[in-house]
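As provided, run-v3.pdb (PDB, C-alpha atoms) reads as follows.
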ATOM      1  CA  MET A   1       5.784 -20.792  -0.021
ATOM      2  CA  LYS A   2       8.520 -18.464   1.187
ATOM      3  CA  ILE A   3       7.309 -14.902   1.803
ATOM      4  CA  GLU A   4       9.921 -12.186   2.230
ATOM      5  CA  LEU A   5       9.437 -10.317   5.504
ATOM      6  CA  LEU A   6      11.423  -7.212   6.416
ATOM      7  CA  SER A   7      11.370  -6.077  10.027
ATOM      8  CA  ARG A   8      12.565  -3.427  12.418
ATOM      9  CA  ILE A   9      12.185  -4.149  16.127
ATOM     10  CA  PRO A  10      12.622  -1.471  18.830
ATOM     11  CA  GLU A  11      15.828  -1.801  20.821
ATOM     12  CA  GLU A  12      13.819  -1.669  24.025
ATOM     13  CA  GLY A  13      10.476  -3.355  24.669
ATOM     14  CA  ALA A  14       8.030  -3.078  21.773
ATOM     15  CA  LYS A  15       4.394  -2.106  22.170
ATOM     16  CA  GLY A  16       1.906  -4.971  22.210
ATOM     17  CA  THR A  17       0.507  -4.312  18.726
ATOM     18  CA  PRO A  18       2.811  -4.749  15.715
ATOM     19  CA  LEU A  19       2.446  -2.970  12.378
ATOM     20  CA  LEU A  20       2.360  -4.896   9.097
ATOM     21  CA  PHE A  21       2.852  -2.951   5.861
ATOM     22  CA  ILE A  22       1.572  -4.170   2.475
ATOM     23  CA  HIS A  23       2.953  -2.698  -0.747
ATOM     24  CA  GLY A  24       1.170  -1.805  -3.968
ATOM     25  CA  ALA A  25       1.327  -3.155  -7.515
ATOM     26  CA  TYR A  26       4.657  -3.446  -9.376
ATOM     27  CA  SER A  27       6.472  -3.076  -6.072
ATOM     28  CA  SER A  28       7.782  -4.930  -2.997
ATOM     29  CA  ALA A  29       8.278  -4.618   0.752
ATOM     30  CA  ARG A  30      11.279  -2.386   0.146
ATOM     31  CA  ILE A  31       9.153   0.719  -0.407
ATOM     32  CA  TRP A  32       8.703   0.808   3.388
ATOM     33  CA  GLU A  33      12.369   0.265   4.218
ATOM     34  CA  PRO A  34      13.912   3.744   3.819
ATOM     35  CA  PHE A  35      11.611   5.685   6.130
ATOM     36  CA  PHE A  36       8.513   4.043   7.595
ATOM     37  CA  LEU A  37       9.973   0.885   9.154
ATOM     38  CA  PRO A  38      12.736   2.683  11.084
ATOM     39  CA  PHE A  39      10.445   5.586  12.041
ATOM     40  CA  PHE A  40       7.809   3.437  13.727
ATOM     41  CA  ALA A  41      10.435   1.185  15.310
ATOM     42  CA  ARG A  42      12.011   4.277  16.882
ATOM     43  CA  HIS A  43       8.612   5.054  18.354
ATOM     44  CA  GLY A  44       8.187   1.673  19.973
ATOM     45  CA  TYR A  45       6.362  -0.401  17.355
ATOM     46  CA  ALA A  46       7.567  -3.719  16.005
ATOM     47  CA  THR A  47       7.291  -3.127  12.256
ATOM     48  CA  TYR A  48       7.079  -5.646   9.437
ATOM     49  CA  ALA A  49       6.686  -5.405   5.667
ATOM     50  CA  LEU A  50       6.039  -8.395   3.429
ATOM     51  CA  SER A  51       6.621  -8.860  -0.266
ATOM     52  CA  LEU A  52       3.552 -10.492  -1.739
ATOM     53  CA  ARG A  53       4.114 -13.713  -3.700
ATOM     54  CA  GLY A  54       5.931 -13.108  -6.958
ATOM     55  CA  HIS A  55       7.427  -9.854  -5.661
ATOM     56  CA  GLY A  56      10.734  -8.962  -4.055
ATOM     57  CA  ASN A  57      12.443 -12.060  -2.686
ATOM     58  CA  SER A  58       9.207 -13.976  -2.153
ATOM     59  CA  GLU A  59       8.583 -17.166  -4.066
ATOM     60  CA  GLY A  60       5.881 -17.461  -6.715
ATOM     61  CA  ARG A  61       7.290 -15.383  -9.595
ATOM     62  CA  GLU A  62       6.830 -18.293 -12.000
ATOM     63  CA  ARG A  63       3.095 -18.463 -11.135
ATOM     64  CA  LEU A  64       2.446 -14.726 -11.079
ATOM     65  CA  ALA A  65       0.412 -14.844 -14.313
ATOM     66  CA  THR A  66      -2.282 -16.915 -12.578
ATOM     67  CA  THR A  67      -2.107 -15.206  -9.165
ATOM     68  CA  ARG A  68      -5.294 -13.622  -7.825
ATOM     69  CA  LEU A  69      -5.954 -10.971  -5.195
ATOM     70  CA  ARG A  70      -7.177 -13.701  -2.833
ATOM     71  CA  ASP A  71      -3.701 -15.253  -3.038
ATOM     72  CA  TYR A  72      -2.210 -12.003  -1.745
ATOM     73  CA  VAL A  73      -4.751 -12.064   1.091
ATOM     74  CA  ALA A  74      -3.545 -15.584   1.914
ATOM     75  CA  ASP A  75       0.048 -14.289   2.034
ATOM     76  CA  VAL A  76      -0.956 -11.700   4.619
ATOM     77  CA  ALA A  77      -2.772 -14.350   6.654
ATOM     78  CA  ARG A  78       0.318 -16.563   6.637
ATOM     79  CA  VAL A  79       2.529 -13.737   7.899
ATOM     80  CA  VAL A  80       0.023 -12.548  10.524
ATOM     81  CA  GLY A  81      -0.143 -16.087  11.877
ATOM     82  CA  GLY A  82       3.514 -15.866  12.787
ATOM     83  CA  LEU A  83       3.482 -12.458  14.472
ATOM     84  CA  GLY A  84       2.041 -13.594  17.789
ATOM     85  CA  ALA A  85      -0.384 -10.654  18.073
ATOM     86  CA  LEU A  86      -3.078  -9.026  15.955
ATOM     87  CA  PRO A  87      -1.400  -6.300  13.895
ATOM     88  CA  VAL A  88      -2.440  -2.976  12.500
ATOM     89  CA  LEU A  89      -2.451  -3.490   8.731
ATOM     90  CA  VAL A  90      -1.162  -0.624   6.593
ATOM     91  CA  GLY A  91      -1.871  -0.935   2.878
ATOM     92  CA  THR A  92      -1.028   1.382   0.027
ATOM     93  CA  SER A  93      -2.568   1.410  -3.469
ATOM     94  CA  MET A  94      -3.213  -2.244  -4.433
ATOM     95  CA  GLY A  95      -2.086  -3.223  -0.934
ATOM     96  CA  GLY A  96      -4.992  -1.223   0.444
ATOM     97  CA  LEU A  97      -7.439  -3.506  -1.363
ATOM     98  CA  VAL A  98      -5.554  -6.542  -0.062
ATOM     99  CA  VAL A  99      -5.991  -5.171   3.466
ATOM    100  CA  GLN A 100      -9.691  -4.456   2.959
ATOM    101  CA  ASN A 101     -10.360  -7.968   1.692
ATOM    102  CA  TYR A 102      -8.306  -9.422   4.533
ATOM    103  CA  MET A 103     -10.185  -7.632   7.300
ATOM    104  CA  HIS A 104     -13.486  -9.081   6.106
ATOM    105  CA  GLN A 105     -12.082 -12.570   6.648
ATOM    106  CA  HIS A 106      -9.749 -12.202   9.642
ATOM    107  CA  PRO A 107      -9.541 -10.097  12.808
ATOM    108  CA  VAL A 108      -7.196  -7.099  12.843
ATOM    109  CA  ALA A 109      -6.353  -4.488  15.461
ATOM    110  CA  ALA A 110      -6.885  -1.581  13.047
ATOM    111  CA  MET A 111      -6.393  -0.593   9.421
ATOM    112  CA  VAL A 112      -4.578   2.286   7.720
ATOM    113  CA  LEU A 113      -5.320   2.937   4.037
ATOM    114  CA  LEU A 114      -2.635   5.038   2.389
ATOM    115  CA  ALA A 115      -3.473   6.266  -1.143
ATOM    116  CA  SER A 116      -5.466   3.048  -1.350
ATOM    117  CA  GLY A 117      -7.577   1.452  -3.997
ATOM    118  CA  ALA A 118     -11.253   1.985  -3.231
ATOM    119  CA  PRO A 119     -13.572  -0.777  -1.976
ATOM    120  CA  TYR A 120     -15.803  -0.338  -5.035
ATOM    121  CA  GLY A 121     -12.829  -0.857  -7.384
ATOM    122  CA  VAL A 122     -10.221   1.225  -9.157
ATOM    123  CA  GLY A 123     -12.149   1.651 -12.419
ATOM    124  CA  PRO A 124     -13.180   5.295 -11.846
ATOM    125  CA  SER A 125      -9.643   6.272 -10.819
ATOM    126  CA  MET A 126      -8.166   4.511 -13.858
ATOM    127  CA  LEU A 127     -10.595   6.294 -16.158
ATOM    128  CA  HIS A 128      -9.745   9.616 -14.542
ATOM    129  CA  MET A 129      -6.032   8.877 -14.951
ATOM    130  CA  ALA A 130      -6.468   8.036 -18.638
ATOM    131  CA  PHE A 131      -7.970  11.482 -19.306
ATOM    132  CA  ARG A 132      -5.968  13.607 -16.858
ATOM    133  CA  ASN A 133      -2.614  11.785 -16.946
ATOM    134  CA  PRO A 134      -2.420   9.990 -20.317
ATOM    135  CA  MET A 135       1.370   9.638 -20.110
ATOM    136  CA  VAL A 136       1.021   7.766 -16.806
ATOM    137  CA  ALA A 137      -1.644   5.521 -18.334
ATOM    138  CA  ARG A 138       0.662   4.827 -21.274
ATOM    139  CA  ASP A 139       3.585   4.051 -18.959
ATOM    140  CA  MET A 140       1.470   1.561 -16.997
ATOM    141  CA  MET A 141       0.191  -0.148 -20.138
ATOM    142  CA  LEU A 142       3.697  -0.534 -21.586
ATOM    143  CA  MET A 143       5.072  -1.866 -18.301
ATOM    144  CA  GLN A 144       2.258  -4.423 -18.046
ATOM    145  CA  LEU A 145       2.566  -5.540 -21.660
ATOM    146  CA  LEU A 146       6.336  -5.422 -22.103
ATOM    147  CA  GLY A 147       7.639  -5.909 -18.580
ATOM    148  CA  PRO A 148       8.981  -3.791 -15.703
ATOM    149  CA  GLU A 149      12.190  -3.022 -17.590
ATOM    150  CA  ARG A 150      10.092  -0.420 -19.424
ATOM    151  CA  ALA A 151      10.020   1.617 -16.208
ATOM    152  CA  THR A 152      12.338   4.639 -16.176
ATOM    153  CA  VAL A 153      13.165   7.382 -13.711
ATOM    154  CA  ALA A 154      10.994   9.716 -15.786
ATOM    155  CA  SER A 155       7.999   7.363 -15.703
ATOM    156  CA  ALA A 156       8.459   6.811 -11.949
ATOM    157  CA  ARG A 157       8.466  10.575 -11.404
ATOM    158  CA  ARG A 158       5.269  11.002 -13.427
ATOM    159  CA  SER A 159       3.411   8.302 -11.515
ATOM    160  CA  LEU A 160       4.827   8.298  -7.998
ATOM    161  CA  PHE A 161       6.747  11.481  -7.167
ATOM    162  CA  ARG A 162       6.586  15.249  -7.377
ATOM    163  CA  ASP A 163       7.616  16.837 -10.657
ATOM    164  CA  ASP A 164      10.725  18.390  -9.083
ATOM    165  CA  THR A 165      12.006  15.214  -7.414
ATOM    166  CA  PRO A 166      15.682  14.728  -8.393
ATOM    167  CA  ASP A 167      16.696  11.653 -10.367
ATOM    168  CA  ASP A 168      19.168  10.569  -7.682
ATOM    169  CA  TYR A 169      16.474  10.682  -4.994
ATOM    170  CA  ILE A 170      14.253   8.352  -7.047
ATOM    171  CA  ARG A 171      17.121   5.960  -7.811
ATOM    172  CA  THR A 172      18.120   5.874  -4.135
ATOM    173  CA  HIS A 173      14.719   5.313  -2.543
ATOM    174  CA  LEU A 174      12.508   3.565  -5.111
ATOM    175  CA  PRO A 175      12.994  -0.208  -5.509
ATOM    176  CA  ASN A 176      13.142  -1.658  -8.999
ATOM    177  CA  ALA A 177       9.771  -2.089 -10.696
ATOM    178  CA  GLU A 178       8.271  -5.572 -10.419
ATOM    179  CA  PRO A 179       5.960  -7.504 -12.761
ATOM    180  CA  GLU A 180       2.315  -7.672 -11.714
ATOM    181  CA  SER A 181      -0.451 -10.206 -12.224
ATOM    182  CA  GLN A 182      -2.975  -9.268 -14.896
ATOM    183  CA  TRP A 183      -5.619 -11.226 -12.970
ATOM    184  CA  VAL A 184      -5.026  -9.091  -9.872
ATOM    185  CA  LEU A 185      -5.589  -5.967 -11.952
ATOM    186  CA  PHE A 186      -8.916  -7.427 -13.113
ATOM    187  CA  ASP A 187      -9.781  -8.294  -9.503
ATOM    188  CA  MET A 188      -9.221  -4.656  -8.518
ATOM    189  CA  LEU A 189     -11.472  -3.508 -11.339
ATOM    190  CA  GLY A 190     -14.365  -5.565 -10.010
ATOM    191  CA  LEU A 191     -13.788  -9.320  -9.929
ATOM    192  CA  ASP A 192     -12.793  -9.522  -6.257
ATOM    193  CA  LEU A 193     -13.813  -6.482  -4.234
ATOM    194  CA  PRO A 194     -14.498  -6.222  -0.490
ATOM    195  CA  PRO A 195     -18.066  -6.848   0.748
ATOM    196  CA  VAL A 196     -20.364  -3.847   0.782
ATOM    197  CA  THR A 197     -20.861  -3.866   4.555
ATOM    198  CA  PRO A 198     -17.692  -3.094   6.527
ATOM    199  CA  PRO A 199     -16.934  -5.154   9.637
ATOM    200  CA  PRO A 200     -17.894  -3.326  12.860
ATOM    201  CA  ASN A 201     -15.619  -1.881  15.523
ATOM    202  CA  ILE A 202     -12.406  -1.782  13.536
ATOM    203  CA  PRO A 203     -10.628   1.586  13.665
ATOM    204  CA  VAL A 204      -9.759   2.826  10.178
ATOM    205  CA  LEU A 205      -7.543   5.732   9.111
ATOM    206  CA  VAL A 206      -7.877   6.833   5.474
ATOM    207  CA  LEU A 207      -5.146   9.076   4.059
ATOM    208  CA  GLY A 208      -4.796  10.431   0.533
ATOM    209  CA  ALA A 209      -2.545  12.666  -1.549
ATOM    210  CA  GLU A 210      -3.598  15.859  -3.314
ATOM    211  CA  HIS A 211      -1.487  15.183  -6.421
ATOM    212  CA  ASP A 212      -1.937  11.425  -6.645
ATOM    213  CA  ALA A 213      -1.619  10.358 -10.291
ATOM    214  CA  PHE A 214      -3.616   7.154  -9.672
ATOM    215  CA  ILE A 215      -6.157   7.513  -6.865
ATOM    216  CA  THR A 216      -8.465  10.515  -7.014
ATOM    217  CA  GLN A 217      -9.349  12.582  -3.963
ATOM    218  CA  ALA A 218     -13.015  11.754  -4.546
ATOM    219  CA  SER A 219     -12.153   8.052  -4.423
ATOM    220  CA  VAL A 220     -10.292   8.485  -1.130
ATOM    221  CA  GLU A 221     -13.247  10.361   0.343
ATOM    222  CA  LEU A 222     -15.712   7.674  -0.753
ATOM    223  CA  THR A 223     -13.461   5.006   0.755
ATOM    224  CA  ALA A 224     -13.464   6.847   4.072
ATOM    225  CA  ARG A 225     -17.240   7.169   3.957
ATOM    226  CA  ARG A 226     -17.564   3.393   3.426
ATOM    227  CA  TYR A 227     -15.704   2.836   6.688
ATOM    228  CA  GLY A 228     -17.500   5.503   8.676
ATOM    229  CA  THR A 229     -14.652   7.979   8.900
ATOM    230  CA  THR A 230     -13.339  11.135   7.224
ATOM    231  CA  ALA A 231     -10.524  11.158   4.687
ATOM    232  CA  GLU A 232      -7.442  13.236   5.347
ATOM    233  CA  ILE A 233      -5.765  14.597   2.219
ATOM    234  CA  PHE A 234      -2.132  15.712   2.333
ATOM    235  CA  SER A 235      -1.518  18.810   0.250
ATOM    236  CA  ASP A 236       1.117  18.806  -2.501
ATOM    237  CA  MET A 237       1.822  15.089  -2.015
ATOM    238  CA  PRO A 238       2.104  12.418  -4.766
ATOM    239  CA  HIS A 239       1.048   8.769  -4.803
ATOM    240  CA  ALA A 240       4.197   7.384  -3.140
ATOM    241  CA  MET A 241       3.416   8.988   0.201
ATOM    242  CA  MET A 242       5.864   6.743   2.083
ATOM    243  CA  LEU A 243       8.772   7.829  -0.161
ATOM    244  CA  ASP A 244       7.943  11.511  -0.660
ATOM    245  CA  ARG A 245      10.345  14.102   0.747
ATOM    246  CA  ASP A 246       7.606  15.019   3.253
ATOM    247  CA  TRP A 247       6.956  11.399   4.247
ATOM    248  CA  GLU A 248       7.323  12.306   7.924
ATOM    249  CA  ARG A 249       4.126  14.383   7.833
ATOM    250  CA  VAL A 250       2.241  11.214   6.969
ATOM    251  CA  ALA A 251       4.119   9.036   9.431
ATOM    252  CA  ARG A 252       3.544  11.455  12.308
ATOM    253  CA  ARG A 253      -0.183  11.606  11.605
ATOM    254  CA  MET A 254      -0.310   7.811  11.608
ATOM    255  CA  LEU A 255       1.688   7.701  14.852
ATOM    256  CA  GLU A 256      -0.641  10.195  16.522
ATOM    257  CA  TRP A 257      -3.679   8.122  15.508
ATOM    258  CA  LEU A 258      -2.122   4.814  16.549
ATOM    259  CA  ASN A 259      -1.237   6.184  19.964
ATOM    260  CA  GLN A 260      -4.830   7.335  20.385
ATOM    261  CA  ILE A 261      -6.557   4.081  19.461
ATOM    262  CA  LEU A 262      -4.160   1.435  20.784
ATOM    263  CA  PRO A 263      -3.571   0.547  24.418
ATOM    264  CA  SER A 264      -0.381   2.077  25.768
TER     265      SER A 264
END
Rewrite the coordinates I just gave you, this time as structure tokens.
Amino acid sequence: MKIELLSRIPEEGAKGTPLLFIHGAYSSARIWEPFFLPFFARHGYATYALSLRGHGNSEGRERLATTRLRDYVADVARVVGGLGALPVLVGTSMGGLVVQNYMHQHPVAAMVLLASGAPYGVGPSMLHMAFRNPMVARDMMLMQLLGPERATVASARRSLFRDDTPDDYIRTHLPNAEPESQWVLFDMLGLDLPPVTPPPNIPVLVLGAEHDAFITQASVELTARRYGTTAEIFSDMPHAMMLDRDWERVARRMLEWLNQILPS
């Protein structure tokens, strides 16, 4: 199966550990393209972002209805096998749960969870969203039932961006909405969650957003506790941390951490 892989390689010698970015639901590798891939390449890291099967230009759209979270984990394994070195995996939202499941089955250099689904499932966050952000819950339900063409700039702003984000900024930086597997959504609710005991000796950075419409701050903090670390919450930031106007705050914190934990 063909898996789309975007990349940015430093012009001069890259560091020994590459970075592999995994997108969230209804999305593709292109969420990392405007800012994060070039930023980390400028700072010496070979950077890659894959589109999970059925997303972006990857194959598998015709079988998306029967795709499971474990299939996305297999996509990551296939890409990692071709990198030539153990990567740092960076997962956002649904991609964070893909990363967590992956690291229980395969070795990784480190893991960054960015506004990630929690290891105990996304049920509590979804319930919170239904009460606190009913318009976002409605938008998600309509997009799942009727297709990604239901997505609008207004719905993207409600779910992913700050309230004052201009329409043109969203159109420029946000890729078109993608269909998502209903089975994967069930897996994230509880059918296929990471094991209770985290693997030892894997550095983990857990970052969250104060104004995330999907993932609650409490969920981010509990995720960090599961992996023996402390969550860092970015003030005034929405769910799409990699596309926010202050994306560089997040990227620089990740860079600082990577330079601390990885061999130079």
Picked residues, the PyMOL selection byres ((chain A and resi 13) around 12), expected as a list in words: Ile9, Pro10, Glu11, Glu12, Ala14, Lys15, Gly16, Thr17, Pro18, Ala41, Arg42, His43, Gly44, Tyr45 and Ala46 of chain A
Top pick for closest residue to Glu149 in chain A, considering A:Tyr169, A:Tyr26, A:Phe131, A:Phe186 and counting all atoms listed in the file: A:Tyr26
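Across A:Ser93, A:Thr66, A:Gln100, A:Gln182, the tightest approach to Thr216 in chain A is made by A:Ser93 when counting all atoms listed in the file.
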Resolved residues for the PyMOL selection byres ((chain A and resi 155) around 12) as an NGL selection string: :A and (133-143 or 148-154 or 156-163 or 167 or 170 or 177 or 213)
Name the residues within 12 Å of (-5.7, -18.0, 1.0), counting all atoms listed in the file in the file's coordinates, and put them as a compact mmCIF listing (two decimals) with C-alpha atoms, in the coordinates of the input.
# COMPACT_ATOMS: atom_id res chain seq x y z
CA MET A 1 5.78 -20.79 -0.02
CA ARG A 53 4.11 -13.71 -3.70
CA THR A 67 -2.11 -15.21 -9.16
CA ARG A 68 -5.29 -13.62 -7.82
CA LEU A 69 -5.95 -10.97 -5.20
CA ARG A 70 -7.18 -13.70 -2.83
CA ASP A 71 -3.70 -15.25 -3.04
CA TYR A 72 -2.21 -12.00 -1.74
CA VAL A 73 -4.75 -12.06 1.09
CA ALA A 74 -3.54 -15.58 1.91
CA ASP A 75 0.05 -14.29 2.03
CA VAL A 76 -0.96 -11.70 4.62
CA ALA A 77 -2.77 -14.35 6.65
CA ARG A 78 0.32 -16.56 6.64
CA VAL A 79 2.53 -13.74 7.90
CA VAL A 98 -5.55 -6.54 -0.06
CA ASN A 101 -10.36 -7.97 1.69
CA TYR A 102 -8.31 -9.42 4.53
CA GLN A 105 -12.08 -12.57 6.65
CA HIS A 106 -9.75 -12.20 9.64
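Nearest to Glu248 in chain A of all the residues A:Gly24, A:Pro179, A:Pro38, A:Pro119 is A:Pro38, counting all atoms listed in the file.
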List the residues matched by the PyMOL selection byres ((chain A and resi 251) around 10) in the displayed structure as JSON, numbers by chain, ordered by chain and then by residue number. {"A": [35, 36, 39, 40, 241, 242, 246, 247, 248, 249, 250, 252, 253, 254, 255, 256, 257]}
Please report, as JSON, the centre and edge lengths in Å to one decimal of an axis-aligned box covering all listed atoms of range 247-260 of chain A with 8 Å per side.
{"center_x": 1.2, "center_y": 9.6, "center_z": 12.3, "size_x": 28.2, "size_y": 25.6, "size_z": 32.1}
